[in-house]
file input.cif (mmCIF, C-alpha atoms)
data_my_file
#
loop_
_atom_site.label_atom_id
_atom_site.label_comp_id
_atom_site.auth_asym_id
_atom_site.auth_seq_id
_atom_site.Cartn_x
_atom_site.Cartn_y
_atom_site.Cartn_z
CA MET G 1 3.95 34.28 12.80
CA THR G 2 4.81 31.15 10.79
CA LEU G 3 2.57 30.50 7.82
CA VAL G 4 1.81 26.84 7.07
CA THR G 5 1.30 26.04 3.41
CA PRO G 6 -1.79 23.85 3.04
CA VAL G 7 -1.28 20.41 1.51
CA LEU G 8 -3.35 20.14 -1.65
CA PRO G 9 -5.14 16.80 -2.02
CA PRO G 10 -3.98 14.61 -4.90
CA THR G 11 -6.17 14.31 -7.99
CA THR G 12 -6.80 11.87 -10.80
CA ARG G 13 -4.50 13.98 -12.95
CA ASP G 14 -1.74 13.48 -10.38
CA VAL G 15 -2.11 9.71 -10.80
CA ALA G 16 -1.78 10.05 -14.59
CA GLU G 17 1.33 12.20 -14.17
CA ALA G 18 2.76 9.66 -11.74
CA ALA G 19 2.22 6.89 -14.29
CA ASP G 20 4.24 8.85 -16.86
CA ARG G 21 6.95 9.54 -14.29
CA LEU G 22 7.23 5.90 -13.18
CA ARG G 23 6.96 4.16 -16.54
CA ALA G 24 10.70 3.81 -17.06
CA TYR G 25 11.27 2.31 -13.60
CA VAL G 26 8.41 0.09 -12.43
CA ARG G 27 6.92 -3.11 -13.77
CA ARG G 28 3.46 -3.03 -15.28
CA THR G 29 2.33 -6.04 -13.31
CA PRO G 30 0.05 -8.58 -15.00
CA LEU G 31 -3.57 -9.53 -14.42
CA LEU G 32 -4.75 -13.09 -13.89
CA ARG G 33 -8.32 -13.95 -14.90
CA LEU G 34 -9.74 -17.04 -13.24
CA SER G 35 -12.84 -18.70 -11.91
CA LEU G 36 -12.95 -19.47 -8.20
CA ASP G 37 -15.86 -21.26 -6.55
CA GLY G 38 -17.71 -20.90 -9.84
CA ARG G 39 -17.37 -17.11 -9.96
CA PRO G 40 -15.18 -14.99 -12.27
CA LEU G 41 -12.37 -13.02 -10.71
CA VAL G 42 -9.36 -10.93 -11.71
CA LEU G 43 -6.15 -10.71 -9.68
CA LYS G 44 -3.70 -7.83 -10.06
CA LEU G 45 -0.34 -9.49 -9.38
CA GLU G 46 1.41 -6.56 -7.77
CA GLN G 47 3.51 -8.88 -5.62
CA LEU G 48 5.61 -9.24 -8.79
CA GLN G 49 6.59 -5.57 -8.55
CA LEU G 50 10.22 -4.59 -7.98
CA SER G 51 10.66 -4.52 -4.18
CA GLY G 52 7.94 -7.16 -3.83
CA SER G 53 5.05 -4.77 -3.23
CA PHE G 54 3.18 -1.73 -4.58
CA LYS G 55 5.06 0.52 -2.16
CA LEU G 56 7.80 1.21 -4.70
CA ARG G 57 5.35 3.23 -6.79
CA GLY G 58 4.52 5.82 -4.15
CA ALA G 59 8.06 6.05 -2.82
CA LEU G 60 9.60 6.45 -6.26
CA ASN G 61 7.03 9.03 -7.35
CA ALA G 62 7.75 11.10 -4.25
CA VAL G 63 11.50 10.95 -4.86
CA LEU G 64 11.24 11.75 -8.57
CA ALA G 65 8.73 14.58 -8.22
CA GLY G 66 10.23 16.25 -5.17
CA HIS G 67 13.09 18.70 -4.96
CA ALA G 68 16.59 17.34 -5.38
CA HIS G 69 18.07 16.32 -2.04
CA ASP G 70 21.29 14.66 -1.04
CA HIS G 71 19.68 12.00 1.12
CA VAL G 72 16.19 10.53 1.59
CA VAL G 73 14.91 9.26 4.92
CA THR G 74 11.87 7.23 5.93
CA ALA G 75 10.38 5.07 8.64
CA SER G 76 8.59 1.84 7.88
CA GLY G 77 7.25 -1.42 9.18
CA GLY G 78 8.92 -3.04 6.19
CA ASN G 79 7.38 -2.68 2.73
CA HIS G 80 7.57 1.10 2.40
CA GLY G 81 11.16 1.01 3.61
CA LEU G 82 11.93 -1.56 0.95
CA GLY G 83 10.19 0.66 -1.60
CA VAL G 84 12.32 3.67 -0.62
CA ALA G 85 15.47 1.54 -0.58
CA THR G 86 14.68 0.18 -4.04
CA ALA G 87 13.95 3.69 -5.35
CA ALA G 88 17.27 4.90 -3.98
CA ALA G 89 19.10 2.03 -5.66
CA LEU G 90 17.36 2.68 -8.98
CA LEU G 91 18.20 6.39 -8.90
CA GLY G 92 21.68 6.12 -7.41
CA ILE G 93 20.96 8.19 -4.31
CA THR G 94 21.59 7.52 -0.63
CA ALA G 95 18.93 6.74 1.94
CA THR G 96 18.34 5.84 5.57
CA VAL G 97 15.43 3.63 6.59
CA PHE G 98 14.32 3.49 10.24
CA VAL G 99 12.40 0.39 11.35
CA PRO G 100 10.99 -0.68 14.72
CA ALA G 101 12.30 -3.72 16.55
CA SER G 102 9.18 -5.61 15.45
CA VAL G 103 10.08 -5.49 11.74
CA PRO G 104 10.08 -8.99 10.19
CA GLU G 105 13.64 -10.11 9.63
CA VAL G 106 12.99 -10.92 5.96
CA LYS G 107 11.99 -7.31 5.31
CA ALA G 108 14.91 -5.85 7.26
CA ARG G 109 17.33 -8.10 5.40
CA ARG G 110 16.00 -7.05 2.01
CA ILE G 111 16.13 -3.34 2.90
CA ALA G 112 19.77 -3.60 3.97
CA ALA G 113 20.63 -5.57 0.84
CA LYS G 114 19.72 -2.53 -1.28
CA GLY G 115 22.75 -0.70 0.09
CA VAL G 116 20.94 1.86 2.25
CA THR G 117 21.49 2.54 5.93
CA LEU G 118 19.09 0.49 8.07
CA VAL G 119 18.44 1.75 11.61
CA ARG G 120 16.48 -0.36 14.07
CA THR G 121 15.01 1.82 16.80
CA GLY G 122 12.00 1.84 19.10
CA ALA G 123 9.36 -0.73 19.83
CA THR G 124 6.76 0.80 17.50
CA TYR G 125 6.49 2.41 14.08
CA ALA G 126 5.71 5.76 15.76
CA GLU G 127 9.02 5.67 17.63
CA ALA G 128 10.92 4.79 14.46
CA ALA G 129 9.14 7.62 12.62
CA ALA G 130 10.13 10.13 15.32
CA ALA G 131 13.78 9.16 14.97
CA ALA G 132 13.55 9.37 11.18
CA ALA G 133 11.99 12.83 11.34
CA GLU G 134 14.87 14.05 13.49
CA LEU G 135 17.42 12.96 10.89
CA ALA G 136 15.32 14.26 8.00
CA ALA G 137 15.32 17.74 9.54
CA ARG G 138 19.00 18.12 8.76
CA PRO G 139 20.04 20.13 5.70
CA GLY G 140 20.17 18.11 2.49
CA HIS G 141 17.79 15.44 3.80
CA ARG G 142 14.18 14.71 2.84
CA TYR G 143 11.53 12.60 4.55
CA ILE G 144 9.40 10.27 2.40
CA PRO G 145 6.16 9.44 4.29
CA ALA G 146 4.77 5.92 4.08
CA TYR G 147 1.28 7.05 3.08
CA ASP G 148 0.37 10.56 4.27
CA ASP G 149 1.68 12.44 1.25
CA PRO G 150 0.01 13.49 -2.04
CA LEU G 151 2.88 12.23 -4.19
CA VAL G 152 2.95 8.86 -2.43
CA VAL G 153 -0.83 8.53 -2.81
CA ALA G 154 -0.69 9.42 -6.51
CA GLY G 155 2.12 6.97 -7.18
CA ASN G 156 0.24 4.17 -5.43
CA GLY G 157 -2.83 5.00 -7.52
CA THR G 158 -1.04 3.78 -10.64
CA VAL G 159 -1.82 0.19 -9.57
CA ALA G 160 -5.57 0.72 -10.00
CA ALA G 161 -4.98 2.87 -13.10
CA GLU G 162 -3.34 -0.14 -14.74
CA VAL G 163 -6.27 -2.34 -13.74
CA VAL G 164 -8.75 0.04 -15.35
CA ALA G 165 -6.69 0.31 -18.53
CA ASP G 166 -5.98 -3.41 -18.88
CA ALA G 167 -9.37 -4.76 -17.74
CA PRO G 168 -12.06 -2.16 -18.46
CA ASP G 169 -14.75 -4.79 -17.83
CA VAL G 170 -13.85 -4.92 -14.13
CA ASP G 171 -16.64 -3.30 -12.10
CA THR G 172 -15.17 -3.46 -8.57
CA VAL G 173 -11.62 -3.06 -7.29
CA VAL G 174 -10.55 -4.41 -3.88
CA VAL G 175 -7.42 -3.35 -2.00
CA ALA G 176 -5.99 -4.06 1.43
CA ALA G 177 -6.06 -0.92 3.57
CA GLY G 178 -3.38 0.13 6.05
CA GLY G 179 -2.52 3.80 6.42
CA GLY G 180 -4.66 4.69 3.41
CA GLY G 181 -2.04 5.37 0.72
CA LEU G 182 -3.06 2.60 -1.66
CA SER G 183 -6.72 3.07 -0.79
CA ALA G 184 -6.76 6.79 -1.59
CA GLY G 185 -4.68 6.39 -4.73
CA SER G 186 -7.03 3.67 -5.95
CA ALA G 187 -10.05 5.87 -5.24
CA LEU G 188 -8.57 8.49 -7.58
CA ALA G 189 -7.99 5.94 -10.35
CA VAL G 190 -11.02 3.62 -10.47
CA GLY G 191 -13.45 6.06 -12.08
CA GLU G 192 -17.09 5.03 -11.58
CA ARG G 193 -16.18 1.58 -10.27
CA LEU G 194 -16.82 0.60 -6.66
CA LEU G 195 -13.72 0.50 -4.47
CA VAL G 196 -13.74 -1.93 -1.55
CA LEU G 197 -11.23 -1.38 1.26
CA ALA G 198 -10.52 -4.59 3.16
CA GLU G 199 -8.83 -4.66 6.57
CA PRO G 200 -8.24 -7.11 9.40
CA GLU G 201 -10.69 -6.80 12.27
CA ARG G 202 -7.78 -6.18 14.65
CA CYS G 203 -5.94 -3.70 12.42
CA SER G 204 -8.52 -1.25 11.08
CA ALA G 205 -7.30 2.36 10.99
CA VAL G 206 -9.15 3.23 7.77
CA HIS G 207 -12.45 1.61 8.77
CA ASP G 208 -12.42 3.19 12.24
CA ALA G 209 -11.73 6.65 10.79
CA LEU G 210 -14.53 6.40 8.24
CA VAL G 211 -16.95 5.32 10.98
CA ALA G 212 -15.84 8.10 13.35
CA GLY G 213 -15.77 10.76 10.64
CA HIS G 214 -12.16 11.72 11.40
CA PRO G 215 -8.79 9.97 11.87
CA VAL G 216 -8.61 8.02 15.14
CA ASP G 217 -6.12 5.63 16.71
CA ALA G 218 -6.83 1.96 16.07
CA PRO G 219 -5.40 -1.26 17.53
CA VAL G 220 -2.59 -3.01 15.67
CA GLU G 221 -2.88 -6.68 16.59
CA SER G 222 -3.12 -8.63 13.34
CA LEU G 223 -0.83 -11.16 11.70
CA ALA G 224 -0.95 -8.73 8.77
CA SER G 225 0.22 -5.77 10.87
CA SER G 226 3.76 -5.61 9.45
CA ALA G 227 2.18 -4.33 6.22
CA LEU G 228 -1.18 -2.94 7.38
CA GLY G 229 -0.20 -1.82 10.86
CA ALA G 230 -0.85 1.91 10.76
CA THR G 231 -2.17 3.19 14.08
CA ARG G 232 -4.02 6.02 12.33
CA ILE G 233 -4.98 6.80 8.74
CA GLY G 234 -3.07 9.66 7.15
CA ARG G 235 -4.84 13.00 6.82
CA VAL G 236 -4.22 13.16 3.07
CA PRO G 237 -5.75 9.72 2.40
CA PHE G 238 -8.66 10.43 4.74
CA ASP G 239 -9.57 13.60 2.88
CA VAL G 240 -9.68 11.63 -0.37
CA LEU G 241 -11.63 8.67 1.00
CA ALA G 242 -14.17 10.24 3.38
CA PRO G 243 -16.39 12.00 0.81
CA ARG G 244 -16.30 8.96 -1.43
CA ALA G 245 -17.33 6.72 1.46
CA ARG G 246 -20.25 9.01 2.21
CA SER G 247 -21.38 8.85 -1.42
CA GLY G 248 -21.13 5.05 -1.56
CA ALA G 249 -18.25 5.00 -4.06
CA VAL G 250 -15.98 3.49 -1.40
CA ARG G 251 -16.95 0.64 0.91
CA SER G 252 -15.00 -0.54 3.98
CA VAL G 253 -15.10 -4.18 5.16
CA LEU G 254 -13.34 -6.15 7.88
CA VAL G 255 -12.09 -9.75 7.86
CA SER G 256 -11.04 -12.14 10.60
CA GLU G 257 -7.58 -13.54 11.21
CA ALA G 258 -8.81 -17.03 10.29
CA ALA G 259 -10.22 -15.70 7.02
CA ILE G 260 -6.85 -14.11 6.14
CA VAL G 261 -5.02 -17.39 6.71
CA ALA G 262 -7.60 -19.32 4.66
CA ALA G 263 -7.38 -16.82 1.80
CA ARG G 264 -3.58 -16.91 1.81
CA ASP G 265 -3.73 -20.70 1.57
CA ARG G 266 -6.29 -20.52 -1.27
CA LEU G 267 -3.99 -18.24 -3.27
CA TRP G 268 -1.31 -20.90 -3.00
CA GLU G 269 -3.52 -23.94 -3.58
CA GLU G 270 -5.49 -22.49 -6.48
CA CYS G 271 -2.92 -20.23 -8.17
CA ARG G 272 0.48 -21.07 -6.67
CA ILE G 273 0.72 -17.44 -5.55
CA ALA G 274 2.77 -17.08 -2.36
CA THR G 275 1.98 -13.85 -0.51
CA GLU G 276 2.38 -12.19 2.84
CA PRO G 277 -0.82 -12.15 4.93
CA ALA G 278 -1.78 -8.57 4.04
CA ALA G 279 -2.00 -9.43 0.34
CA ALA G 280 -4.61 -12.10 1.06
CA VAL G 281 -6.98 -9.69 2.82
CA PRO G 282 -8.87 -8.72 -0.39
CA LEU G 283 -9.49 -12.39 -1.23
CA ALA G 284 -10.66 -13.00 2.34
CA ALA G 285 -13.28 -10.28 1.87
CA TRP G 286 -14.35 -11.73 -1.48
CA LEU G 287 -14.63 -15.27 -0.11
CA ALA G 288 -16.79 -13.93 2.74
CA GLY G 289 -19.25 -12.46 0.24
CA ASP G 290 -18.42 -8.85 1.10
CA VAL G 291 -17.39 -7.85 -2.44
CA PRO G 292 -20.18 -7.09 -4.92
CA GLY G 293 -19.84 -6.90 -8.68
CA ALA G 294 -19.96 -9.20 -11.67
CA LEU G 295 -16.18 -9.03 -12.22
CA PRO G 296 -14.13 -7.72 -9.30
CA CYS G 297 -10.35 -7.24 -9.37
CA LEU G 298 -8.41 -7.99 -6.20
CA VAL G 299 -5.00 -6.36 -5.80
CA VAL G 300 -2.43 -8.86 -4.51
CA CYS G 301 -0.31 -6.13 -2.98
CA GLY G 302 2.88 -7.80 -1.78
CA ALA G 303 4.91 -10.90 -1.00
CA ASN G 304 7.69 -9.84 1.34
CA ALA G 305 7.62 -12.82 3.65
CA ASP G 306 9.47 -16.05 4.18
CA TRP G 307 6.49 -17.99 2.94
CA THR G 308 5.34 -21.20 4.59
CA PRO G 309 1.81 -22.63 4.75
CA LEU G 310 -0.03 -21.54 7.90
#
call {"tool": "encode", "arguments": {"input": "input.cif", "output": "structure tokens"}}
result
Amino acid sequence: MTLVTPVLPPTTRDVAEAADRLRAYVRRTPLLRLSLDGRPLVLKLEQLQLSGSFKLRGALNAVLAGHAHDHVVTASGGNHGLGVATAAALLGITATVFVPASVPEVKARRIAAKGVTLVRTGATYAEAAAAAAELAARPGHRYIPAYDDPLVVAGNGTVAAEVVADAPDVDTVVVAAGGGGLSAGSALAVGERLLVLAEPERCSAVHDALVAGHPVDAPVESLASSALGATRIGRVPFDVLAPRARSGAVRSVLVSEAAIVAARDRLWEECRIATEPAAAVPLAAWLAGDVPGALPCLVVCGANADWTPL
């Protein structure tokens, strides 16, 4: 009989340890305080991170904290792959990133530019992930999940940990939710503050799982799907988020495609911040009145797009 070692859920302490581990490698991205429509607001400018998104934090934490391996492998719709590729370049290790045919060309180009092996395979992320898992099973290889991993979750939680440390007057934190890695990490880091998880109506794996009470498959049909396009929330993130959602510490909201486009345009018009659609989802929720709090902080999570006004 094969014994399966249970995966321990990440903790707030894991986030603190990740912050210490990452300090020499990642940027401590700035905050922007502003007034929009007569209301105060804070933006966490994580699109300025190395690799262009928060994904570097989780990927790098997993690589640094794991066992030494000759080669790291992952599958990604784009941003996580770029995070792993950037981590590999920073640490001088080799890596292979599998992406589906639907990956935006700008993300594929930036992954390949980091010097890793880029493999395009399958029509969906799930098919790319299956191919990546096959390679990662070889000796001397290690798979780095995009979100369903305690080390990835803890590394991603350092974004919200920086918000809390640099703006203790913030009373609500808002993140865009995909597979749940940033969401769960943020839940571990925000303390007593409310965490709002914002998702597109047509790309809602976290919301659907919290409603159902367990992970379920969700449609992936949003213009933000290259970054938020998980079919199903990870088990590790779900186990962190579900009890907090039941207690009211975590709130899930959905936004329309039109609201995402309008929010992306507002970020440019008001702040000259150019983002990919996923990074505008928190502002879309705030503009719709779905974010409570006297001083919320919205995480602008990434900018890996060839940006043009929509």
call {"tool": "resolve_selection", "arguments": {"input": "input.cif", "expression": "the PyMOL selection byres ((chain G and resi 257) around 10)", "output": "list of chain:residue names"}}
result
G:Pro200, G:Glu201, G:Arg202, G:Glu221, G:Ser222, G:Leu223, G:Ala224, G:Leu254, G:Val255, G:Ser256, G:Ala258, G:Ala259, G:Ile260, G:Val261, G:Ala262, G:Ala263, G:Pro277, G:Val281, G:Ala284
call {"tool": "closest_residue", "arguments": {"input": "input.cif", "among": "G:Thr121, G:Thr158, G:Thr231, G:Ser53", "to": "Thr12 in chain G", "atoms": "all atoms listed in the file"}}
result
G:Thr158
call {"tool": "closest_atom_pairs", "arguments": {"input": "input.cif", "of": "range 205-256 of chain G", "to": "range 139-147 of chain G", "cutoff": "9 Å", "atoms": "all atoms listed in the file", "output": "Markdown table"}}
result
| residue | atom | partner | partner_atom | distance |
| --- | --- | --- | --- | --- |
| G:Ile233 | CA | G:Tyr147 | CA | 8.4 |
| G:Gly234 | CA | G:Tyr147 | CA | 6.5 |
| G:Val236 | CA | G:Tyr147 | CA | 8.2 |
| G:Pro237 | CA | G:Tyr147 | CA | 7.6 |
call {"tool": "resolve_selection", "arguments": {"input": "input.cif", "expression": "the PyMOL selection byres ((chain G and resi 122-127) around 12)", "output": "count of residues only"}}
result
36
call {"tool": "closest_residue", "arguments": {"input": "input.cif", "among": "G:Leu267, G:Val73, G:Ala285, G:Ala218", "to": "Ala176 in chain G", "atoms": "all atoms listed in the file"}}
result
G:Ala285
call {"tool": "residues_around", "arguments": {"input": "input.cif", "residues": "Val164 in chain G", "least_positions_apart": "6", "cutoff": "9 Å", "atoms": "all atoms listed in the file", "output": "list in words"}}
result
Val170, Ala189, Val190 and Gly191 of chain G
call {"tool": "write_last_selection", "arguments": {"input": "input.cif", "atoms": "C-alpha atoms", "output": "mmCIF file, in the frame of the given file"}}
result
data_model
loop_
_atom_site.group_PDB
_atom_site.id
_atom_site.type_symbol
_atom_site.label_atom_id
_atom_site.label_comp_id
_atom_site.auth_asym_id
_atom_site.auth_seq_id
_atom_site.Cartn_x
_atom_site.Cartn_y
_atom_site.Cartn_z
ATOM 1 C CA VAL G 170 -13.850 -4.920 -14.130
ATOM 2 C CA ALA G 189 -7.990 5.940 -10.350
ATOM 3 C CA VAL G 190 -11.020 3.620 -10.470
ATOM 4 C CA GLY G 191 -13.450 6.060 -12.080
#
call {"tool": "resolve_selection", "arguments": {"input": "input.cif", "expression": "the PyMOL selection byres ((chain G and resi 13-27) around 10)", "output": "ChimeraX atom specification"}}
result
/G:9-12,28-30,46,48-51,54,56-58,60-62,64-65,87,90-91,150-162,185-186,188-189
call {"tool": "atom_distance", "arguments": {"input": "input.cif", "atom1": "CA of Ala95 in chain G", "atom2": "CA of Leu182 in chain G"}}
result
22.7 Å
call {"tool": "atom_distance", "arguments": {"input": "input.cif", "atom1": "CA of Leu36 in chain G", "atom2": "CA of Ala184 in chain G"}}
result
27.8 Å
call {"tool": "axis_aligned_box", "arguments": {"input": "input.cif", "around": "range 255-274 of chain G", "padding_each_side": "4 Å", "output": "JSON"}}
result
{"center_x": -4.7, "center_y": -16.8, "center_z": 1.5, "size_x": 22.9, "size_y": 22.2, "size_z": 27.4}
